[in-house]
$ cat structure.cif   # mmCIF, C-alpha atoms
data_entry
#
loop_
_atom_site.label_atom_id
_atom_site.label_comp_id
_atom_site.auth_asym_id
_atom_site.auth_seq_id
_atom_site.Cartn_x
_atom_site.Cartn_y
_atom_site.Cartn_z
CA MET A 1 -6.02 4.34 -24.96
CA THR A 2 -2.60 3.10 -26.05
CA ILE A 3 0.55 3.05 -23.92
CA GLN A 4 1.79 5.99 -25.97
CA ASP A 5 -1.39 7.88 -25.03
CA VAL A 6 -0.71 7.13 -21.37
CA LEU A 7 2.84 8.42 -21.68
CA GLU A 8 1.48 11.66 -23.14
CA ILE A 9 -0.79 12.37 -20.14
CA PRO A 10 -2.00 14.99 -19.41
CA GLN A 11 -4.06 15.69 -22.50
CA PRO A 12 -4.81 19.42 -22.71
CA GLY A 13 -7.84 20.36 -20.63
CA ARG A 14 -8.85 16.76 -19.90
CA LYS A 15 -8.90 14.72 -16.72
CA THR A 16 -7.86 11.07 -16.76
CA VAL A 17 -8.96 7.79 -15.21
CA LEU A 18 -6.67 4.76 -15.56
CA LEU A 19 -7.44 1.15 -14.66
CA PHE A 20 -4.40 -1.10 -14.15
CA TRP A 21 -5.40 -4.73 -14.71
CA ALA A 22 -4.03 -8.23 -15.37
CA PRO A 23 -5.50 -11.02 -17.51
CA TRP A 24 -5.08 -13.54 -14.68
CA HIS A 25 -7.11 -11.41 -12.27
CA GLU A 26 -10.76 -12.08 -13.07
CA GLU A 27 -12.23 -9.00 -11.40
CA SER A 28 -9.89 -6.55 -13.11
CA SER A 29 -10.10 -8.17 -16.55
CA GLY A 30 -13.86 -8.73 -16.39
CA PRO A 31 -16.22 -6.67 -14.22
CA MET A 32 -13.80 -3.76 -13.65
CA THR A 33 -13.06 -3.48 -17.36
CA GLN A 34 -16.80 -3.48 -18.10
CA LEU A 35 -17.25 -0.77 -15.48
CA LEU A 36 -14.54 1.35 -17.10
CA GLU A 37 -16.26 1.06 -20.47
CA ALA A 38 -19.64 1.96 -18.95
CA LEU A 39 -18.18 5.00 -17.19
CA GLU A 40 -16.48 6.13 -20.39
CA SER A 41 -19.74 5.80 -22.34
CA SER A 42 -21.73 7.61 -19.66
CA ASN A 43 -19.21 10.45 -19.43
CA SER A 44 -19.09 10.89 -23.19
CA SER A 45 -22.85 11.21 -23.45
CA SER A 46 -23.21 13.58 -20.48
CA SER A 47 -20.25 15.91 -21.07
CA SER A 48 -21.37 19.28 -22.33
CA SER A 49 -17.95 20.41 -23.49
CA SER A 50 -14.58 18.89 -24.28
CA SER A 51 -12.96 20.87 -21.47
CA SER A 52 -14.96 18.98 -18.83
CA SER A 53 -14.59 15.52 -20.35
CA ILE A 54 -12.57 12.67 -18.83
CA VAL A 55 -10.22 10.38 -20.72
CA PHE A 56 -10.53 6.71 -19.67
CA GLY A 57 -7.73 4.22 -20.21
CA ARG A 58 -6.85 0.61 -19.36
CA VAL A 59 -3.24 -0.52 -18.76
CA GLU A 60 -2.13 -4.15 -18.48
CA ALA A 61 0.17 -3.70 -15.50
CA GLU A 62 2.74 -6.41 -16.24
CA GLN A 63 3.00 -5.55 -19.93
CA ALA A 64 3.80 -1.91 -19.16
CA PRO A 65 6.22 -2.06 -16.21
CA SER A 66 7.53 1.47 -16.74
CA VAL A 67 4.01 2.92 -16.62
CA SER A 68 3.13 0.77 -13.59
CA SER A 69 6.28 1.99 -11.85
CA GLN A 70 5.51 5.61 -12.74
CA TYR A 71 2.13 5.37 -11.03
CA GLN A 72 3.43 3.15 -8.16
CA VAL A 73 1.16 0.25 -9.04
CA THR A 74 1.85 -2.84 -6.91
CA MET A 75 -1.49 -4.66 -7.19
CA VAL A 76 -4.48 -5.10 -9.45
CA PRO A 77 -6.94 -3.65 -9.86
CA THR A 78 -5.57 -0.16 -9.24
CA TRP A 79 -7.55 2.91 -10.24
CA VAL A 80 -5.72 6.22 -10.77
CA PHE A 81 -7.58 9.53 -11.08
CA MET A 82 -5.76 12.61 -12.45
CA ASP A 83 -6.59 16.26 -12.99
CA GLU A 84 -5.90 18.29 -16.16
CA ASN A 85 -2.24 18.71 -15.17
CA GLY A 86 -1.68 14.97 -14.80
CA LEU A 87 -1.57 15.24 -10.99
CA VAL A 88 -2.89 12.16 -9.19
CA VAL A 89 -5.74 13.39 -7.00
CA GLU A 90 -7.05 9.98 -5.92
CA ARG A 91 -6.15 6.31 -6.25
CA MET A 92 -7.84 3.08 -5.28
CA GLU A 93 -5.87 -0.13 -4.76
CA GLY A 94 -7.65 -3.46 -4.85
CA VAL A 95 -11.06 -1.79 -4.97
CA GLU A 96 -13.67 -3.87 -6.79
CA ASP A 97 -16.76 -2.05 -5.54
CA VAL A 98 -18.70 -0.44 -8.40
CA SER A 99 -20.19 2.30 -6.23
CA GLN A 100 -16.80 3.37 -4.85
CA VAL A 101 -15.29 3.72 -8.31
CA THR A 102 -18.35 5.47 -9.69
CA GLN A 103 -18.31 7.96 -6.82
CA ALA A 104 -14.60 8.63 -7.38
CA VAL A 105 -15.26 9.41 -11.06
CA ALA A 106 -18.07 11.74 -10.04
CA ARG A 107 -15.74 13.54 -7.62
CA LEU A 108 -13.15 13.92 -10.36
CA ASP A 109 -15.74 15.23 -12.81
CA LYS A 110 -16.96 17.84 -10.30
CA ARG A 111 -13.45 18.83 -9.27
CA PRO A 112 -12.71 22.48 -10.15
CA PRO A 113 -10.24 23.04 -13.00
CA ALA A 114 -6.63 22.73 -11.89
CA SER A 115 -5.23 26.05 -10.72
CA THR A 116 -3.35 28.10 -13.26
CA THR A 117 -0.82 30.83 -12.80
CA THR A 118 -2.37 34.28 -12.61
CA THR A 119 -0.76 37.69 -12.62
CA THR A 120 -1.82 40.71 -10.63
CA THR A 121 -0.90 44.32 -11.10
CA THR A 122 1.01 45.77 -8.15
CA SER A 123 2.87 48.93 -7.38
CA SER A 124 6.32 49.17 -8.89
CA ASN A 125 7.59 50.01 -5.42
CA PRO A 126 7.87 46.74 -3.46
CA LEU A 127 7.88 48.67 -0.18
CA SER A 128 4.90 50.92 -0.89
CA ASP A 129 2.76 52.09 1.99
CA SER A 130 0.12 49.49 1.14
CA THR A 131 2.56 46.63 1.69
CA SER A 132 2.34 45.26 5.21
CA ALA A 133 5.20 43.68 7.10
CA ALA A 134 3.28 40.41 7.14
CA ALA A 135 3.22 40.37 3.35
CA LEU A 136 7.02 40.26 3.33
CA VAL A 137 7.04 36.98 5.27
CA PRO A 138 7.30 34.02 2.88
CA PRO A 139 4.03 32.05 2.82
CA ILE A 140 3.97 28.57 4.30
CA SER A 141 4.46 26.02 1.55
CA GLU A 142 1.83 23.39 0.82
CA GLU A 143 4.33 20.73 1.91
CA GLU A 144 4.79 22.40 5.29
CA LYS A 145 1.04 22.79 5.72
CA LEU A 146 0.53 19.08 5.02
CA LYS A 147 3.31 18.11 7.43
CA LYS A 148 1.72 20.15 10.21
CA ARG A 149 -1.67 18.64 9.47
CA LEU A 150 -0.30 15.09 9.53
CA ASP A 151 1.55 15.75 12.78
CA SER A 152 -1.68 17.04 14.29
CA LEU A 153 -3.66 14.04 13.04
CA ILE A 154 -1.32 11.33 14.35
CA ARG A 155 -1.36 13.05 17.78
CA SER A 156 -5.12 13.58 17.87
CA ALA A 157 -5.46 10.44 20.04
CA ASP A 158 -3.01 8.53 22.23
CA VAL A 159 -3.57 5.48 20.00
CA MET A 160 -4.37 6.55 16.45
CA LEU A 161 -5.23 4.23 13.56
CA PHE A 162 -5.12 5.25 9.90
CA MET A 163 -7.25 2.75 8.02
CA LYS A 164 -9.47 2.16 5.01
CA GLY A 165 -12.99 2.84 6.20
CA ALA A 166 -14.20 3.33 9.76
CA PRO A 167 -13.94 0.92 12.74
CA SER A 168 -17.66 0.21 12.39
CA ALA A 169 -17.34 -0.38 8.64
CA PRO A 170 -13.79 -1.30 7.51
CA ARG A 171 -13.22 -1.15 3.75
CA CYS A 172 -10.44 -3.76 3.52
CA GLY A 173 -9.55 -7.00 5.26
CA PHE A 174 -6.31 -5.70 6.78
CA SER A 175 -8.08 -2.74 8.37
CA ARG A 176 -10.83 -5.02 9.67
CA GLN A 177 -8.28 -7.35 11.29
CA ILE A 178 -6.36 -4.58 13.05
CA VAL A 179 -9.61 -3.10 14.40
CA GLU A 180 -10.59 -6.52 15.75
CA LEU A 181 -7.20 -6.92 17.44
CA LEU A 182 -7.46 -3.54 19.16
CA GLN A 183 -11.04 -4.17 20.23
CA GLU A 184 -10.19 -7.64 21.58
CA GLU A 185 -7.49 -6.06 23.73
CA GLN A 186 -9.95 -3.31 24.81
CA ILE A 187 -7.56 -0.59 23.70
CA PRO A 188 -9.26 2.79 23.12
CA PHE A 189 -8.20 4.37 19.85
CA GLY A 190 -9.01 7.12 17.39
CA SER A 191 -9.15 6.53 13.65
CA PHE A 192 -8.95 8.30 10.31
CA ASP A 193 -10.39 7.00 7.05
CA ILE A 194 -7.63 7.56 4.47
CA LEU A 195 -10.07 6.79 1.63
CA THR A 196 -11.75 10.13 2.29
CA ASP A 197 -8.62 12.25 1.86
CA GLU A 198 -6.11 11.49 -0.90
CA GLN A 199 -3.71 14.18 0.32
CA VAL A 200 -3.44 12.55 3.75
CA ARG A 201 -3.32 9.07 2.23
CA GLN A 202 -0.32 9.81 0.03
CA GLY A 203 1.35 12.30 2.36
CA LEU A 204 1.41 9.99 5.37
CA LYS A 205 3.26 7.33 3.39
CA GLN A 206 6.17 9.73 2.90
CA TYR A 207 5.85 11.30 6.35
CA SER A 208 6.18 7.92 8.08
CA ASN A 209 8.23 6.15 5.38
CA TRP A 210 5.66 3.35 5.49
CA PRO A 211 4.02 2.54 2.13
CA THR A 212 0.89 0.64 3.14
CA TYR A 213 -2.23 0.84 5.31
CA PRO A 214 -3.38 0.39 8.01
CA GLN A 215 -0.85 2.33 10.13
CA LEU A 216 -0.98 2.49 13.92
CA TYR A 217 0.53 5.32 15.97
CA VAL A 218 0.99 5.72 19.73
CA ASN A 219 1.68 9.22 21.05
CA GLY A 220 2.66 10.32 17.55
CA GLU A 221 5.12 7.45 17.00
CA LEU A 222 4.57 4.84 14.28
CA ILE A 223 4.17 1.32 15.65
CA GLY A 224 3.64 -0.34 12.26
CA GLY A 225 1.09 -2.21 10.20
CA LEU A 226 -1.00 -5.33 10.63
CA ASP A 227 1.87 -7.85 10.65
CA ILE A 228 3.68 -6.07 13.48
CA ILE A 229 0.47 -5.71 15.49
CA LYS A 230 -0.22 -9.43 14.97
CA GLU A 231 3.27 -10.31 16.23
CA MET A 232 2.81 -8.14 19.30
CA LYS A 233 -0.56 -9.80 19.95
CA GLN A 234 0.91 -13.30 19.64
CA GLU A 235 3.75 -12.43 22.01
CA GLY A 236 1.39 -10.89 24.54
CA LEU A 237 2.88 -7.43 24.06
CA LEU A 238 0.08 -5.56 22.32
CA ARG A 239 -1.92 -4.21 25.25
CA PRO A 240 1.06 -3.65 27.59
CA GLN A 241 3.14 -1.88 24.96
CA LEU A 242 0.37 0.33 23.59
CA LEU A 243 -1.01 1.32 26.98
CA GLU A 244 2.43 1.72 28.51
CA ASN A 245 3.34 4.26 25.85
CA SER A 246 -0.08 5.87 25.98
CA SER A 247 -0.65 8.69 28.46
CA SER A 248 -4.13 7.34 29.16
CA ASP A 249 -2.94 4.22 30.98
CA ALA A 250 0.21 2.39 32.01
CA THR A 251 1.46 -1.05 32.96
CA THR A 252 3.61 -1.77 35.94
CA PRO A 253 7.40 -1.35 35.71
CA GLU A 254 7.84 -5.07 36.38
CA SER A 255 5.86 -6.05 33.28
CA SER A 256 7.60 -3.56 31.00
CA ASP A 257 11.03 -4.86 32.03
CA GLN A 258 10.13 -8.31 30.75
CA GLN A 259 8.83 -7.19 27.36
CA GLN A 260 10.49 -6.25 24.10
CA ASP A 261 8.99 -4.23 21.26
CA PRO A 262 9.26 -6.24 18.01
CA GLN A 263 10.54 -3.11 16.27
CA THR A 264 13.63 -3.18 18.50
CA VAL A 265 14.55 -6.67 17.30
CA PRO A 266 17.48 -6.37 14.84
CA LEU A 267 16.24 -6.71 11.28
CA GLU A 268 18.70 -9.49 10.44
CA GLU A 269 17.43 -11.51 13.39
CA ARG A 270 13.83 -10.96 12.32
CA LEU A 271 14.58 -12.00 8.72
CA ARG A 272 16.39 -15.13 9.90
CA SER A 273 13.36 -16.03 11.99
CA LEU A 274 10.98 -15.46 9.07
CA ILE A 275 12.86 -17.54 6.48
CA THR A 276 13.06 -20.48 8.91
CA GLN A 277 9.43 -20.14 9.98
CA SER A 278 8.48 -23.07 7.77
CA HIS A 279 10.32 -25.85 5.94
CA VAL A 280 9.19 -24.23 2.68
CA MET A 281 8.79 -20.46 2.95
CA LEU A 282 7.62 -18.15 0.16
CA PHE A 283 8.00 -14.35 0.18
CA MET A 284 5.54 -12.97 -2.33
CA LYS A 285 3.30 -10.08 -3.28
CA GLY A 286 -0.09 -10.83 -1.81
CA LEU A 287 -1.28 -14.09 -0.29
CA PRO A 288 -1.47 -17.58 -1.83
CA SER A 289 -5.25 -17.16 -1.94
CA ALA A 290 -4.96 -13.72 -3.54
CA PRO A 291 -1.64 -13.08 -5.33
CA ARG A 292 -0.98 -9.45 -6.26
CA CYS A 293 1.40 -10.03 -9.17
CA GLY A 294 1.67 -12.58 -11.97
CA PHE A 295 5.07 -13.92 -10.87
CA SER A 296 3.80 -14.63 -7.35
CA ARG A 297 0.70 -16.27 -8.79
CA GLN A 298 2.79 -18.59 -10.98
CA MET A 299 5.04 -19.53 -8.05
CA VAL A 300 2.01 -20.44 -5.92
CA GLU A 301 0.58 -22.53 -8.76
CA ILE A 302 3.84 -24.50 -9.08
CA LEU A 303 3.97 -25.21 -5.34
CA ASN A 304 0.30 -26.21 -5.28
CA ASP A 305 0.83 -28.51 -8.26
CA GLU A 306 3.61 -30.24 -6.29
CA LYS A 307 1.17 -30.61 -3.35
CA VAL A 308 3.75 -29.18 -0.96
CA ASP A 309 2.81 -27.48 2.30
CA PHE A 310 4.33 -24.01 2.55
CA ASP A 311 3.96 -20.78 4.44
CA ALA A 312 3.95 -17.36 2.80
CA PHE A 313 4.76 -13.78 3.79
CA ASP A 314 3.18 -10.83 1.99
CA ILE A 315 6.06 -8.38 1.46
CA LEU A 316 3.61 -5.65 0.40
CA GLN A 317 2.55 -5.36 4.03
CA ASP A 318 6.02 -4.76 5.50
CA HIS A 319 8.37 -2.36 3.77
CA GLN A 320 11.21 -3.12 6.19
CA VAL A 321 11.13 -6.84 5.38
CA ARG A 322 10.59 -6.15 1.67
CA GLU A 323 13.75 -4.05 1.34
CA GLY A 324 15.81 -5.80 4.00
CA LEU A 325 15.39 -9.28 2.55
CA LYS A 326 16.76 -8.11 -0.81
CA LYS A 327 20.07 -7.26 0.87
CA TYR A 328 20.02 -10.20 3.27
CA SER A 329 19.60 -12.72 0.45
CA ASP A 330 21.42 -10.67 -2.21
CA TRP A 331 18.38 -11.26 -4.45
CA PRO A 332 16.75 -8.09 -5.83
CA THR A 333 13.28 -9.31 -6.87
CA TYR A 334 10.21 -11.17 -5.64
CA PRO A 335 8.93 -13.80 -5.21
CA GLN A 336 11.70 -15.57 -3.26
CA LEU A 337 11.50 -19.23 -2.22
CA TYR A 338 13.37 -20.68 0.78
CA VAL A 339 13.75 -24.29 1.87
CA ASN A 340 15.17 -25.03 5.32
CA GLY A 341 16.19 -21.38 5.55
CA ASP A 342 18.23 -21.49 2.33
CA LEU A 343 17.33 -19.34 -0.67
CA ILE A 344 16.35 -21.40 -3.72
CA GLY A 345 15.69 -18.43 -5.98
CA GLY A 346 12.94 -16.69 -7.87
CA LEU A 347 10.35 -17.83 -10.40
CA ASP A 348 12.77 -18.57 -13.27
CA ILE A 349 14.93 -20.90 -11.17
CA VAL A 350 11.92 -22.65 -9.66
CA LYS A 351 10.46 -23.13 -13.15
CA GLU A 352 13.71 -24.72 -14.36
CA MET A 353 13.83 -27.05 -11.37
CA ASN A 354 10.21 -27.97 -11.89
CA ASP A 355 10.89 -28.77 -15.55
CA ASP A 356 13.89 -31.01 -14.83
CA GLY A 357 12.18 -32.75 -11.90
CA SER A 358 14.56 -31.62 -9.19
CA LEU A 359 12.09 -29.30 -7.46
CA LYS A 360 9.90 -32.02 -5.93
CA ASP A 361 12.94 -33.82 -4.47
CA LEU A 362 14.19 -30.61 -2.90
CA LEU A 363 10.82 -29.57 -1.47
CA THR A 364 10.08 -32.99 0.05
CA LYS A 365 13.58 -33.48 1.46
CA PRO A 366 13.30 -33.79 5.25
CA SER A 367 14.54 -30.89 7.38
CA SER A 368 18.10 -31.31 8.57
#
$ encode --input "structure.cif" --output "structure tokens"
Amino acid sequence: MTIQDVLEIPQPGRKTVLLFWAPWHEESSGPMTQLLEALESSNSSSSSSSSSSIVFGRVEAEQAPSVSSQYQVTMVPTWVFMDENGLVVERMEGVEDVSQVTQAVARLDKRPPASTTTTTTTSSNPLSDSTSAAALVPPISEEEKLKKRLDSLIRSADVMLFMKGAPSAPRCGFSRQIVELLQEEQIPFGSFDILTDEQVRQGLKQYSNWPTYPQLYVNGELIGGLDIIKEMKQEGLLRPQLLENSSSDATTPESSDQQQDPQTVPLEERLRSLITQSHVMLFMKGLPSAPRCGFSRQMVEILNDEKVDFDAFDILQDHQVREGLKKYSDWPTYPQLYVNGDLIGGLDIVKEMNDDGSLKDLLTKPSS
């Protein structure tokens, strides 16, 4: 499938599966690509009619930025599953499990044809005797139904975790870590596996204005993701804050007076603390051990080549930091490199400094 083919989605009467990959990411360029080809071959041989077939395509994420942006791709591999109308019905980010992808394709294949507009014959008199008063009330929109469902879900337990997988079997490292933190603090919580419901998974991002998972709620209020929970744990605030706000338990007034919710800390103060956290501080997509974009990967390689110790912050895990740092530093893209709290720049500037030999001197310069 060419980029032009992708831009022309949906193809009449055909569902679509897209794999977003990168040549520097071994799993997406190797095993996941082979899986895509195997699924395409299997579907072609088993489809009984063209109307039930699935179109499979592979998109190199960094070579097609407009397409990646259209489908909100921020990491590889990302799998996108669409119905005949081009509506995304399921997506998988960072998933490299063959069985999960295969099952998702099977679900797409079995999915009923997308609804079409139908017409019904009715009386020419809109107020005929057969028309009830209830029929005159506008139906609840799908958006309103979803909002009510989400509101009910986040309040279904005093402490409610939306995660990938279940507490007994997390499906991603971030979800596993947040479960461990809650269990270590002996905090009772309910959970919802967002991998089982694409509507909830996508809808909750907009509902809470928080783009990533896991998400933790207390009494229907968003606390945040893994990074915020980690900060609260390190500062000794996790159990007191969560149980204080939970109707199931409470801390004493004396303890609550001495504590501060990290979310109440002014953003500028939090950013200032983050950029001075280490002598050399990198804000990137992903982690040094697992970059989620090519630019971040190249930046990490340069720093590793210089044998410089540095700390990193994954901006994909904190939307507030991701957007706030752009304004704070007046630098619109990532990665961003800081030394002694001062912005050095992005990948292009760091490459230039590395080429002319000035980077090593700057990075090894003692803190003032």
$ resolve_selection --input "structure.cif" --expression "the PyMOL selection byres ((chain A and resi 310) around 9)" --output "list in words"
Ser278, His279, Val280, Met281, Leu282, Leu303, Val308, Asp309, Asp311 and Ala312 of chain A
$ atom_distance --input "structure.cif" --atom1 "CA of Leu216 in chain A" --atom2 "CA of Glu323 in chain A"
20.4 Å
$ closest_atom_pairs --input "structure.cif" --of "range 24-119 of chain A" --to "range 10-15 of chain A" --cutoff "9 Å" --atoms "all atoms listed in the file" --output "CSV"
residue,atom,partner,partner_atom,distance
A:Ser50,CA,A:Arg14,CA,7.5
A:Ser51,CA,A:Gly13,CA,5.2
A:Ser52,CA,A:Arg14,CA,6.6
A:Ser53,CA,A:Arg14,CA,5.9
A:Ile54,CA,A:Lys15,CA,4.7
A:Val55,CA,A:Lys15,CA,6.0
A:Phe56,CA,A:Lys15,CA,8.7
A:Phe81,CA,A:Lys15,CA,7.8
A:Met82,CA,A:Lys15,CA,5.7
A:Asp83,CA,A:Lys15,CA,4.6
A:Glu84,CA,A:Lys15,CA,4.7
A:Asn85,CA,A:Pro10,CA,5.6
A:Gly86,CA,A:Pro10,CA,4.6
A:Leu87,CA,A:Pro10,CA,8.4
A:Leu108,CA,A:Lys15,CA,7.7
A:Asp109,CA,A:Lys15,CA,7.9
A:Pro113,CA,A:Gly13,CA,8.4
$ closest_residue --input "structure.cif" --among "A:Glu198, A:Asp151, A:Glu231, A:Glu306" --to "Arg270 in chain A" --atoms "all atoms listed in the file"
A:Glu231
$ atom_distance --input "structure.cif" --atom1 "CA of Val339 in chain A" --atom2 "CA of Thr74 in chain A"
26.1 Å
$ resolve_selection --input "structure.cif" --expression "the PyMOL selection byres ((chain A and resi 187) around 12)" --output "VMD selection string"
chain A and resid 157 to 161 178 to 186 188 to 190 218 238 to 244 246 248 to 250
$ residues_around --input "structure.cif" --residues "Pro335 in chain A" --least-positions-apart "6" --cutoff "9 Å" --atoms "all atoms listed in the file" --output "short mmCIF file (atom, residue, chain, number, x, y, z; two decimals) with C-alpha atoms, in the coordinates of the input"
data_model
loop_
_atom_site.label_atom_id
_atom_site.label_comp_id
_atom_site.auth_asym_id
_atom_site.auth_seq_id
_atom_site.Cartn_x
_atom_site.Cartn_y
_atom_site.Cartn_z
CA LEU A 282 7.62 -18.15 0.16
CA PHE A 283 8.00 -14.35 0.18
CA MET A 284 5.54 -12.97 -2.33
CA LYS A 285 3.30 -10.08 -3.28
CA PHE A 295 5.07 -13.92 -10.87
CA SER A 296 3.80 -14.63 -7.35
CA MET A 299 5.04 -19.53 -8.05
CA GLY A 345 15.69 -18.43 -5.98
CA GLY A 346 12.94 -16.69 -7.87
CA LEU A 347 10.35 -17.83 -10.40
#
$ residues_near_point --input "structure.cif" --point "(-13.1, -6.9, -11.5)" --cutoff "10 Å" --atoms "all atoms listed in the file" --output "number ranges by chain"
A: 21-22, 25-35, 76-77, 94-98
$ closest_residue --input "structure.cif" --among "A:Asn340, A:Gln215, A:Asn354, A:Thr333" --to "Thr276 in chain A" --atoms "all atoms listed in the file"
A:Asn340
$ resolve_selection --input "structure.cif" --expression "the PyMOL selection byres ((chain A and resi 349) around 12)" --output "PDB file with C-alpha atoms, keeping the file's coordinate frame"
ATOM      1  CA  MET A 299       5.040 -19.530  -8.050  1.00  0.00           C
ATOM      2  CA  ILE A 302       3.840 -24.500  -9.080  1.00  0.00           C
ATOM      3  CA  PRO A 335       8.930 -13.800  -5.210  1.00  0.00           C
ATOM      4  CA  GLN A 336      11.700 -15.570  -3.260  1.00  0.00           C
ATOM      5  CA  LEU A 337      11.500 -19.230  -2.220  1.00  0.00           C
ATOM      6  CA  LEU A 343      17.330 -19.340  -0.670  1.00  0.00           C
ATOM      7  CA  ILE A 344      16.350 -21.400  -3.720  1.00  0.00           C
ATOM      8  CA  GLY A 345      15.690 -18.430  -5.980  1.00  0.00           C
ATOM      9  CA  GLY A 346      12.940 -16.690  -7.870  1.00  0.00           C
ATOM     10  CA  LEU A 347      10.350 -17.830 -10.400  1.00  0.00           C
ATOM     11  CA  ASP A 348      12.770 -18.570 -13.270  1.00  0.00           C
ATOM     12  CA  VAL A 350      11.920 -22.650  -9.660  1.00  0.00           C
ATOM     13  CA  LYS A 351      10.460 -23.130 -13.150  1.00  0.00           C
ATOM     14  CA  GLU A 352      13.710 -24.720 -14.360  1.00  0.00           C
ATOM     15  CA  MET A 353      13.830 -27.050 -11.370  1.00  0.00           C
ATOM     16  CA  ASN A 354      10.210 -27.970 -11.890  1.00  0.00           C
ATOM     17  CA  ASP A 355      10.890 -28.770 -15.550  1.00  0.00           C
ATOM     18  CA  ASP A 356      13.890 -31.010 -14.830  1.00  0.00           C
ATOM     19  CA  SER A 358      14.560 -31.620  -9.190  1.00  0.00           C
ATOM     20  CA  LEU A 359      12.090 -29.300  -7.460  1.00  0.00           C
TER      21      LEU A 359
END
$ closest_residue --input "structure.cif" --among "A:Val17, A:Leu222, A:Ala64, A:Met163" --to "Trp79 in chain A" --atoms "all atoms listed in the file"
A:Val17
$ residues_around --input "structure.cif" --residues "Val80 in chain A" --least-positions-apart "5" --cutoff "9 Å" --atoms "all atoms listed in the file" --output "list in words"
Thr16, Val17, Leu18, Leu19, Phe20, Tyr71, Val88, Val89, Glu90, Arg91, Met92 and Glu93 of chain A
$ atom_distance --input "structure.cif" --atom1 "CA of Leu271 in chain A" --atom2 "CA of Asp314 in chain A"
13.3 Å
$ residues_around --input "structure.cif" --residues "Leu316 in chain A" --least-positions-apart "5" --cutoff "8 Å" --atoms "all atoms listed in the file" --output "PyMOL selection string"
chain A and resi 212+285-286+322
$ closest_residue --input "structure.cif" --among "A:Ser289, A:Ser44, A:Ser273, A:Gln202" --to "Lys147 in chain A" --atoms "only C-alpha atoms"
A:Gln202
$ decode --input "structure.cif" --residues "range 71-75 of chain A" --atoms "all heavy atoms" --output "mmCIF file, in the first residue's frame"
data_model
loop_
_atom_site.group_PDB
_atom_site.id
_atom_site.type_symbol
_atom_site.label_atom_id
_atom_site.label_comp_id
_atom_site.auth_asym_id
_atom_site.auth_seq_id
_atom_site.Cartn_x
_atom_site.Cartn_y
_atom_site.Cartn_z
ATOM 1 N N TYR A 71 -3.351 10.009 12.167
ATOM 2 C CA TYR A 71 -3.765 8.873 12.988
ATOM 3 C C TYR A 71 -3.180 8.930 14.402
ATOM 4 O O TYR A 71 -3.190 7.940 15.117
ATOM 5 C CB TYR A 71 -3.376 7.566 12.300
ATOM 6 C CG TYR A 71 -4.178 7.308 11.045
ATOM 7 C CD1 TYR A 71 -3.634 7.556 9.784
ATOM 8 C CD2 TYR A 71 -5.499 6.869 11.112
ATOM 9 C CE1 TYR A 71 -4.384 7.356 8.625
ATOM 10 C CE2 TYR A 71 -6.249 6.661 9.974
ATOM 11 C CZ TYR A 71 -5.682 6.913 8.733
ATOM 12 O OH TYR A 71 -6.432 6.715 7.599
ATOM 13 N N GLN A 72 -2.653 10.115 14.798
ATOM 14 C CA GLN A 72 -2.158 10.368 16.148
ATOM 15 C C GLN A 72 -1.115 9.345 16.587
ATOM 16 O O GLN A 72 -1.155 8.803 17.700
ATOM 17 C CB GLN A 72 -3.331 10.395 17.136
ATOM 18 C CG GLN A 72 -4.369 11.450 16.817
ATOM 19 C CD GLN A 72 -5.541 11.435 17.781
ATOM 20 O OE1 GLN A 72 -5.760 10.471 18.509
ATOM 21 N NE2 GLN A 72 -6.300 12.512 17.814
ATOM 22 N N VAL A 73 -0.175 9.069 15.697
ATOM 23 C CA VAL A 73 0.879 8.098 15.980
ATOM 24 C C VAL A 73 2.041 8.799 16.673
ATOM 25 O O VAL A 73 2.616 9.744 16.126
ATOM 26 C CB VAL A 73 1.360 7.415 14.688
ATOM 27 C CG1 VAL A 73 2.552 6.501 14.979
ATOM 28 C CG2 VAL A 73 0.225 6.626 14.060
ATOM 29 N N THR A 74 2.376 8.362 17.875
ATOM 30 C CA THR A 74 3.485 8.950 18.627
ATOM 31 C C THR A 74 4.552 7.925 18.975
ATOM 32 O O THR A 74 5.545 8.273 19.605
ATOM 33 C CB THR A 74 2.975 9.592 19.930
ATOM 34 O OG1 THR A 74 2.330 8.600 20.732
ATOM 35 C CG2 THR A 74 2.009 10.726 19.633
ATOM 36 N N MET A 75 4.347 6.660 18.609
ATOM 37 C CA MET A 75 5.342 5.637 18.897
ATOM 38 C C MET A 75 5.209 4.513 17.876
ATOM 39 O O MET A 75 4.198 4.417 17.177
ATOM 40 C CB MET A 75 5.167 5.086 20.314
ATOM 41 C CG MET A 75 3.850 4.371 20.541
ATOM 42 S SD MET A 75 3.692 3.695 22.226
ATOM 43 C CE MET A 75 3.629 5.187 23.176
#
